[in-house]
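Here's data_24.txt, which has compact mmCIF, C-alpha atoms:
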```
# COMPACT_ATOMS: atom_id res chain seq x y z
CA MET J 1 6.40 -113.63 -9.32
CA LYS J 2 8.75 -111.12 -7.72
CA THR J 3 6.72 -108.24 -9.16
CA ARG J 4 3.49 -109.67 -7.80
CA LEU J 5 5.05 -110.06 -4.35
CA LEU J 6 6.33 -106.48 -4.40
CA ASN J 7 2.93 -105.22 -5.53
CA THR J 8 1.28 -107.07 -2.65
CA VAL J 9 3.80 -105.66 -0.15
CA LEU J 10 3.32 -102.12 -1.45
CA ILE J 11 -0.48 -102.23 -1.41
CA SER J 12 -0.44 -103.78 2.07
CA ALA J 13 1.91 -101.04 3.23
CA ILE J 14 -0.43 -98.33 1.90
CA PHE J 15 -3.39 -99.85 3.77
CA LEU J 16 -1.24 -100.26 6.88
CA PHE J 17 -0.32 -96.56 6.86
CA PHE J 18 -3.98 -95.62 7.03
CA ALA J 19 -4.93 -98.38 9.43
CA CYS J 20 -2.29 -97.25 11.94
CA GLY J 21 -4.11 -93.98 12.68
CA GLU J 22 -6.16 -93.90 15.84
CA SER J 23 -9.71 -92.69 15.60
CA THR J 24 -11.50 -91.37 18.64
CA SER J 25 -15.16 -91.04 19.55
CA VAL J 26 -17.25 -88.10 20.64
CA VAL J 27 -19.81 -89.02 23.31
CA GLU J 28 -22.45 -87.10 25.25
CA SER J 29 -21.66 -85.67 28.69
CA GLY J 30 -21.94 -88.37 31.32
CA THR J 31 -20.16 -91.13 33.18
CA TYR J 32 -18.38 -93.93 31.34
CA GLN J 33 -16.42 -96.98 32.42
CA GLY J 34 -13.59 -98.48 30.46
CA THR J 35 -9.96 -99.51 30.22
CA ILE J 36 -6.99 -97.22 29.72
CA GLN J 37 -5.62 -98.03 26.29
CA GLU J 38 -2.75 -95.53 26.28
CA VAL J 39 -1.20 -92.99 28.65
CA GLU J 40 0.69 -89.94 27.34
CA PRO J 41 2.42 -88.47 30.43
CA SER J 42 4.01 -85.55 28.55
CA LYS J 43 0.55 -84.31 27.55
CA THR J 44 -1.31 -85.57 30.65
CA GLU J 45 -3.57 -87.37 28.26
CA ILE J 46 -5.22 -90.79 28.30
CA TYR J 47 -7.15 -92.89 25.83
CA VAL J 48 -9.97 -94.89 27.39
CA GLU J 49 -11.74 -97.72 25.59
CA THR J 50 -15.27 -97.87 26.92
CA ASP J 51 -17.25 -101.06 27.44
CA ASP J 52 -19.04 -100.43 24.14
CA ASN J 53 -15.68 -100.14 22.29
CA GLN J 54 -15.57 -96.37 21.90
CA ILE J 55 -12.21 -94.66 22.29
CA LEU J 56 -12.30 -91.49 24.41
CA GLU J 57 -9.31 -89.17 24.15
CA LEU J 58 -9.09 -87.23 27.39
CA TYR J 59 -6.74 -84.34 28.09
CA PHE J 60 -6.56 -83.62 31.80
CA THR J 61 -7.10 -80.03 32.91
CA ASP J 62 -6.23 -78.28 36.17
CA SER J 63 -9.73 -79.07 37.43
CA THR J 64 -9.76 -82.79 36.55
CA GLU J 65 -10.09 -84.80 39.75
CA LEU J 66 -8.14 -88.03 39.69
CA SER J 67 -8.82 -90.47 42.52
CA ARG J 68 -8.35 -94.03 43.67
CA ASN J 69 -10.37 -95.51 46.56
CA GLY J 70 -11.68 -92.03 47.32
CA SER J 71 -8.25 -90.41 47.69
CA ARG J 72 -6.71 -88.03 45.19
CA VAL J 73 -3.74 -89.44 43.33
CA GLU J 74 -1.18 -88.14 40.85
CA PHE J 75 -1.40 -88.62 37.09
CA SER J 76 1.74 -90.78 37.23
CA VAL J 77 -0.21 -93.67 38.83
CA LEU J 78 -2.15 -94.20 35.61
CA GLU J 79 -1.09 -97.16 33.52
CA GLU J 80 -2.25 -98.94 30.41
CA GLY J 81 -4.85 -101.63 31.19
CA MET J 82 -6.27 -99.95 34.31
CA GLU J 83 -10.04 -99.95 34.71
CA VAL J 84 -11.38 -96.42 35.18
CA GLU J 85 -14.65 -94.55 35.49
CA VAL J 86 -14.71 -91.09 33.93
CA ASP J 87 -17.09 -88.17 34.19
CA VAL J 88 -16.87 -86.22 30.97
CA GLU J 89 -18.37 -82.95 29.86
CA LYS J 90 -18.90 -82.46 26.13
CA LYS J 91 -18.14 -78.96 24.86
CA GLY J 92 -18.57 -78.70 21.11
CA LYS J 93 -16.89 -81.96 20.15
CA ARG J 94 -14.28 -81.70 22.90
CA LEU J 95 -14.48 -83.99 25.91
CA ASN J 96 -13.34 -82.44 29.16
CA PRO J 97 -12.61 -85.01 31.86
CA LEU J 98 -14.16 -83.68 35.08
CA ALA J 99 -13.25 -86.70 37.19
CA VAL J 100 -11.35 -89.92 36.65
CA ARG J 101 -11.68 -92.70 39.22
CA VAL J 102 -9.34 -95.69 39.15
CA LEU J 103 -11.45 -98.79 39.80
CA GLN J 104 -8.77 -101.36 40.61
CA MET D 1 -5.90 -55.92 31.74
CA GLU D 2 -5.01 -58.84 29.52
CA GLU D 3 -1.42 -59.06 28.31
CA ILE D 4 -0.24 -60.02 24.84
CA PRO D 5 1.28 -63.49 25.14
CA ASP D 6 4.87 -64.13 24.17
CA PHE D 7 5.19 -64.86 20.44
CA TRP D 8 7.60 -67.79 20.96
CA ARG D 9 5.01 -70.13 22.42
CA THR D 10 5.37 -73.90 22.02
CA GLU D 11 2.34 -74.14 19.72
CA VAL D 12 3.75 -71.47 17.37
CA PHE D 13 6.76 -73.59 16.35
CA HIS D 14 4.49 -75.84 14.30
CA PRO D 15 3.17 -73.20 11.86
CA LEU D 16 6.70 -71.80 11.68
CA SER D 17 8.13 -75.15 10.57
CA VAL D 18 5.31 -76.67 8.55
CA HIS D 19 5.53 -74.56 5.39
CA PHE D 20 9.02 -75.80 4.50
CA PRO D 21 8.02 -79.43 3.84
CA ILE D 22 4.84 -78.34 2.03
CA ALA D 23 6.87 -76.34 -0.48
CA LEU D 24 9.88 -78.66 -0.73
CA LEU D 25 7.99 -81.94 -1.08
CA VAL D 26 5.49 -80.70 -3.68
CA VAL D 27 8.33 -79.33 -5.81
CA ALA D 28 10.34 -82.56 -5.24
CA PHE D 29 7.39 -84.56 -6.58
CA LEU D 30 7.12 -82.26 -9.63
CA PHE D 31 10.86 -82.67 -10.29
CA LYS D 32 10.50 -86.45 -10.24
CA VAL D 33 7.51 -86.29 -12.62
CA VAL D 34 9.42 -84.05 -15.02
CA ALA D 35 12.37 -86.48 -14.76
CA LEU D 36 10.13 -89.19 -16.25
CA LYS D 37 10.00 -87.27 -19.50
CA TYR D 38 13.27 -85.37 -19.55
CA SER D 39 16.39 -87.31 -18.69
CA ARG D 40 18.52 -84.34 -17.64
CA GLU D 41 20.12 -85.15 -14.31
CA VAL D 42 19.02 -81.89 -12.73
CA TRP D 43 15.44 -83.16 -12.45
CA GLU D 44 16.40 -86.55 -11.02
CA ARG D 45 19.13 -85.43 -8.62
CA GLY D 46 17.43 -82.12 -7.86
CA GLY D 47 14.27 -84.01 -6.95
CA THR D 48 16.23 -86.24 -4.60
CA VAL D 49 17.90 -83.28 -2.85
CA LEU D 50 14.51 -81.57 -2.45
CA LEU D 51 13.04 -84.82 -1.20
CA ILE D 52 15.72 -85.18 1.48
CA ALA D 53 15.37 -81.54 2.59
CA GLY D 54 11.59 -81.81 2.56
CA LEU D 55 11.58 -85.02 4.54
CA VAL D 56 13.91 -83.65 7.23
CA THR D 57 11.65 -80.62 7.67
CA LEU D 58 8.57 -82.85 7.53
CA TRP D 59 9.74 -84.95 10.48
CA ILE D 60 10.60 -81.73 12.34
CA SER D 61 7.03 -80.56 11.65
CA VAL D 62 5.62 -83.84 12.95
CA PHE D 63 7.61 -83.28 16.15
CA THR D 64 6.52 -79.64 16.57
CA GLY D 65 2.94 -80.69 15.74
CA ASP D 66 3.03 -83.24 18.53
CA LEU D 67 4.18 -80.54 20.95
CA ALA D 68 1.39 -78.21 19.79
CA ASP D 69 -1.21 -80.99 20.06
CA GLY D 70 -0.92 -81.17 23.85
CA ILE D 71 -1.74 -77.46 24.11
CA VAL D 72 -4.38 -76.77 21.47
CA SER D 73 -6.38 -79.96 22.08
CA ARG D 74 -7.51 -78.50 25.39
CA LYS D 75 -8.82 -75.32 23.74
CA ILE D 76 -10.33 -76.10 20.34
CA CYS D 77 -13.97 -77.11 19.94
CA ASP D 78 -13.49 -80.12 17.63
CA PRO D 79 -10.35 -82.13 18.44
CA THR D 80 -11.47 -84.86 16.00
CA ILE D 81 -10.20 -82.62 13.18
CA LEU D 82 -6.87 -82.38 14.97
CA LYS D 83 -6.72 -86.16 15.31
CA GLU D 84 -7.36 -86.58 11.59
CA HIS D 85 -4.73 -83.91 10.84
CA GLU D 86 -2.26 -85.87 12.99
CA ASN D 87 -3.08 -89.22 11.35
CA MET D 88 -2.77 -87.78 7.86
CA ALA D 89 0.53 -86.11 8.77
CA TRP D 90 1.94 -89.47 9.92
CA ALA D 91 0.71 -91.13 6.72
CA THR D 92 2.32 -88.34 4.67
CA ALA D 93 5.62 -88.73 6.52
CA TRP D 94 5.69 -92.49 5.88
CA PHE D 95 4.70 -92.19 2.21
CA PHE D 96 7.50 -89.72 1.52
CA SER D 97 9.97 -91.72 3.63
CA ALA D 98 9.16 -94.85 1.63
CA GLY D 99 9.35 -92.85 -1.61
CA LEU D 100 12.77 -91.50 -0.68
CA GLY D 101 13.87 -95.00 0.35
CA VAL D 102 12.99 -96.39 -3.09
CA ASP D 103 14.58 -93.37 -4.77
CA LEU D 104 17.86 -93.83 -2.89
CA LEU D 105 17.91 -97.55 -3.64
CA ARG D 106 17.45 -96.68 -7.33
CA GLN D 107 20.28 -94.18 -7.28
CA LEU D 108 22.74 -96.12 -5.16
CA LYS D 109 24.38 -99.44 -5.81
CA TYR D 110 21.45 -101.79 -6.36
CA PRO D 111 20.90 -102.29 -10.11
CA ILE D 112 17.74 -104.32 -9.49
CA PHE D 113 15.97 -101.11 -8.46
CA LYS D 114 16.97 -99.23 -11.60
CA ASN D 115 14.07 -100.39 -13.77
CA MET D 116 10.87 -98.55 -14.68
CA PHE D 117 8.80 -100.58 -12.21
CA PHE D 118 10.57 -99.13 -9.17
CA ARG D 119 10.54 -95.69 -10.72
CA LEU D 120 6.75 -95.91 -10.98
CA ILE D 121 6.49 -97.28 -7.43
CA MET D 122 8.44 -94.23 -6.25
CA ILE D 123 6.20 -91.87 -8.26
CA LEU D 124 3.11 -93.61 -6.86
CA LEU D 125 4.39 -93.20 -3.27
CA LEU D 126 5.26 -89.54 -3.84
CA ALA D 127 1.93 -88.86 -5.57
CA THR D 128 0.01 -90.43 -2.69
CA GLY D 129 2.18 -88.50 -0.23
CA THR D 130 1.49 -85.27 -2.09
CA GLY D 131 -2.24 -86.01 -1.89
CA THR D 132 -2.17 -86.70 1.85
CA LEU D 133 0.11 -83.67 2.34
CA THR D 134 -2.47 -81.46 0.63
CA TYR D 135 -5.29 -82.87 2.74
CA THR D 136 -3.19 -82.53 5.92
CA GLY D 137 -2.58 -78.88 5.04
CA HIS D 138 -6.28 -78.33 4.44
CA LEU D 139 -7.10 -79.82 7.87
CA GLY D 140 -4.39 -77.67 9.48
CA ALA D 141 -5.83 -74.56 7.86
CA SER D 142 -9.30 -75.47 9.08
CA LEU D 143 -7.93 -75.86 12.62
CA VAL D 144 -6.42 -72.38 12.49
CA TYR D 145 -9.10 -70.45 10.58
CA GLN D 146 -12.19 -72.16 11.96
CA GLN D 147 -11.10 -73.03 15.49
CA ALA D 148 -8.28 -70.53 16.12
CA ALA D 149 -5.92 -73.35 17.09
CA GLY D 150 -2.77 -71.84 18.59
CA VAL D 151 -4.00 -68.34 17.82
CA TYR D 152 -4.18 -65.55 20.38
CA VAL D 153 -7.51 -63.76 20.03
CA PRO D 154 -7.18 -60.09 21.08
CA SER D 155 -9.73 -58.52 23.37
CA GLN D 156 -12.58 -56.61 21.70
CA ASP D 157 -11.22 -53.18 22.66
CA CYS D 158 -7.58 -54.15 21.84
CA ALA D 159 -6.57 -52.60 25.17
CA GLU D 160 -3.59 -54.94 25.57
CA PHE D 161 -1.99 -53.38 22.47
CA GLU D 162 -2.03 -49.81 23.85
```
Go ahead and render the structure in this file as structure tokens.
Amino acid sequence: MKTRLLNTVLISAIFLFFACGESTSVVESGTYQGTIQEVEPSKTEIYVETDDNQILELYFTDSTELSRNGSRVEFSVLEEGMEVEVDVEKKGKRLNPLAVRVLQ
Amino acid sequence: MEEIPDFWRTEVFHPLSVHFPIALLVVAFLFKVVALKYSREVWERGGTVLLIAGLVTLWISVFTGDLADGIVSRKICDPTILKEHENMAWATAWFFSAGLGVDLLRQLKYPIFKNMFFRLIMILLLATGTGTLTYTGHLGASLVYQQAAGVYVPSQDCAEFE
């Protein structure tokens, strides 16, 4: 009984290790709306879950325009759960965020 | 004229640190496999020491990799490979951490862990970790040799080296 329980725990743990990894999507250049799933301030990076459940990993560059109600804002205003609209440019399989607009 | 960048860049600390856990953990796994057949303590205890050293350097490599990620992700052409490299590195770190955990429980004061079942669990964790470690290394090599991640590419006329 104990052995079976330990086996179950171990196998579950192995699946959990793999399930924990995030996977991100590559989309065509364009404008997408979605919700910020995660903000990484140290890397000026955000993960956006689009309305069709794709995860976009976006690293801000010096030319990324971040705005709210038409005014430019700092990266620090971004929080998990915010609705955003992003203009992305696809280069190879890298997504460059050209503009990020906070919608709420 | 372009200048040669400083060698001690943030993204360079990852390749400098990552080869230690690759070597230490693979050899630790081999020690533990040999210890299944030969009961000399050097294989068992030696494997544990290598496992501890490898795991410390592995977590350092995860940290330096995270620092490098923020820089190279903005430059490489296929960051999905980098994401997979990162996920596999985390999986590797947890497999070896769990393997070391079981190993320490076996060697310390808990007699319940001293049977063959837990020994095989430990070997299974280390074997899986060695597999994910190998794949993580392969992905890392592809990032460097196919996408020049973290690599300074000299100008065509090499003028900055004159």
In Å, with one decimal, what is the gap from CA of Glu65 in chain J to CA of His85 in chain D?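 Distance between the two atoms: 29.4 Å.
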Residues of chain D were defined as contacting chain J if any atom lay at most 7 Å from it, counting all atoms listed in the file; please report them as a list of chain:residue names.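 The selection requested is D:Gly70, D:Arg74, D:Cys77, D:Asp78, D:Pro79, D:Asn87, D:Ala91.
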Neighbouring residues of Val84 in chain J were defined as those with any atom within 9 Å, considering all atoms listed in the file; residues of the same chain fewer than 2 positions away were excluded. Please report them as a short mmCIF file (atom, residue, chain, number, x, y, z; two decimals) with C-alpha atoms, in the frame of the given file.
```cif
data_model
loop_
_atom_site.label_atom_id
_atom_site.label_comp_id
_atom_site.auth_asym_id
_atom_site.auth_seq_id
_atom_site.Cartn_x
_atom_site.Cartn_y
_atom_site.Cartn_z
CA TYR J 32 -18.38 -93.93 31.34
CA GLN J 33 -16.42 -96.98 32.42
CA GLY J 34 -13.59 -98.48 30.46
CA THR J 35 -9.96 -99.51 30.22
CA ILE J 36 -6.99 -97.22 29.72
CA VAL J 48 -9.97 -94.89 27.39
CA MET J 82 -6.27 -99.95 34.31
CA VAL J 86 -14.71 -91.09 33.93
CA VAL J 100 -11.35 -89.92 36.65
CA ARG J 101 -11.68 -92.70 39.22
CA VAL J 102 -9.34 -95.69 39.15
CA LEU J 103 -11.45 -98.79 39.80
CA GLN J 104 -8.77 -101.36 40.61
#
```
Expressed in Å to a single decimal, how great is the separation between CA of Val26 in chain D and CA of Gly54 in chain D? 8.8 Å
Distance in Å - CA of Gly30 in chain J versus CA of Ile46 in chain J: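 Separation between CA of Gly30 in chain J and CA of Ile46 in chain J: 17.2 Å.
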Fewer than 4 positions away in the same chain doesn't count, so skip those; otherwise give me all residues within 10 Å of Gly150 in chain D, counting all atoms listed in the file, as a list of chain:residue names.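 That gives D:Arg9, D:Thr10, D:Glu11, D:Val12, D:Phe13, D:His14, D:Pro15, D:Ala68, D:Asp69, D:Ile71, D:Val72, D:Ser73, D:Lys75, D:Ile76, D:Leu143, D:Val144.
Within 9 Å of range 112-114 of chain D there are Val102, Asp103, Leu105, Arg106, Gln107 and Arg119 of chain D, counting only C-alpha atoms and ignoring same-chain residues fewer than 5 positions away.
Residue nearest Thr92 in chain D within the list D:Leu126, D:Val18, D:Ala148, D:Ile4: D:Leu126 [criterion: smallest interatomic distance, all atoms listed in the file].
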Do you know which residues are at most 9 Å from Leu66 in chain J counting all atoms listed in the file, after dropping those on the same chain fewer than 4 positions away, and could you put them as a list in words?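 So, after excluding close chain neighbours, the residues are Ser71, Arg72, Val73, Glu74, Phe75, Leu98, Ala99, Val100, Arg101 and Val102 of chain J.
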May I ask which of the residues J:Val88, J:Asp62, J:Thr31, J:Pro41 is the closest one to Ser76 in chain J, counting all atoms listed in the file? J:Pro41
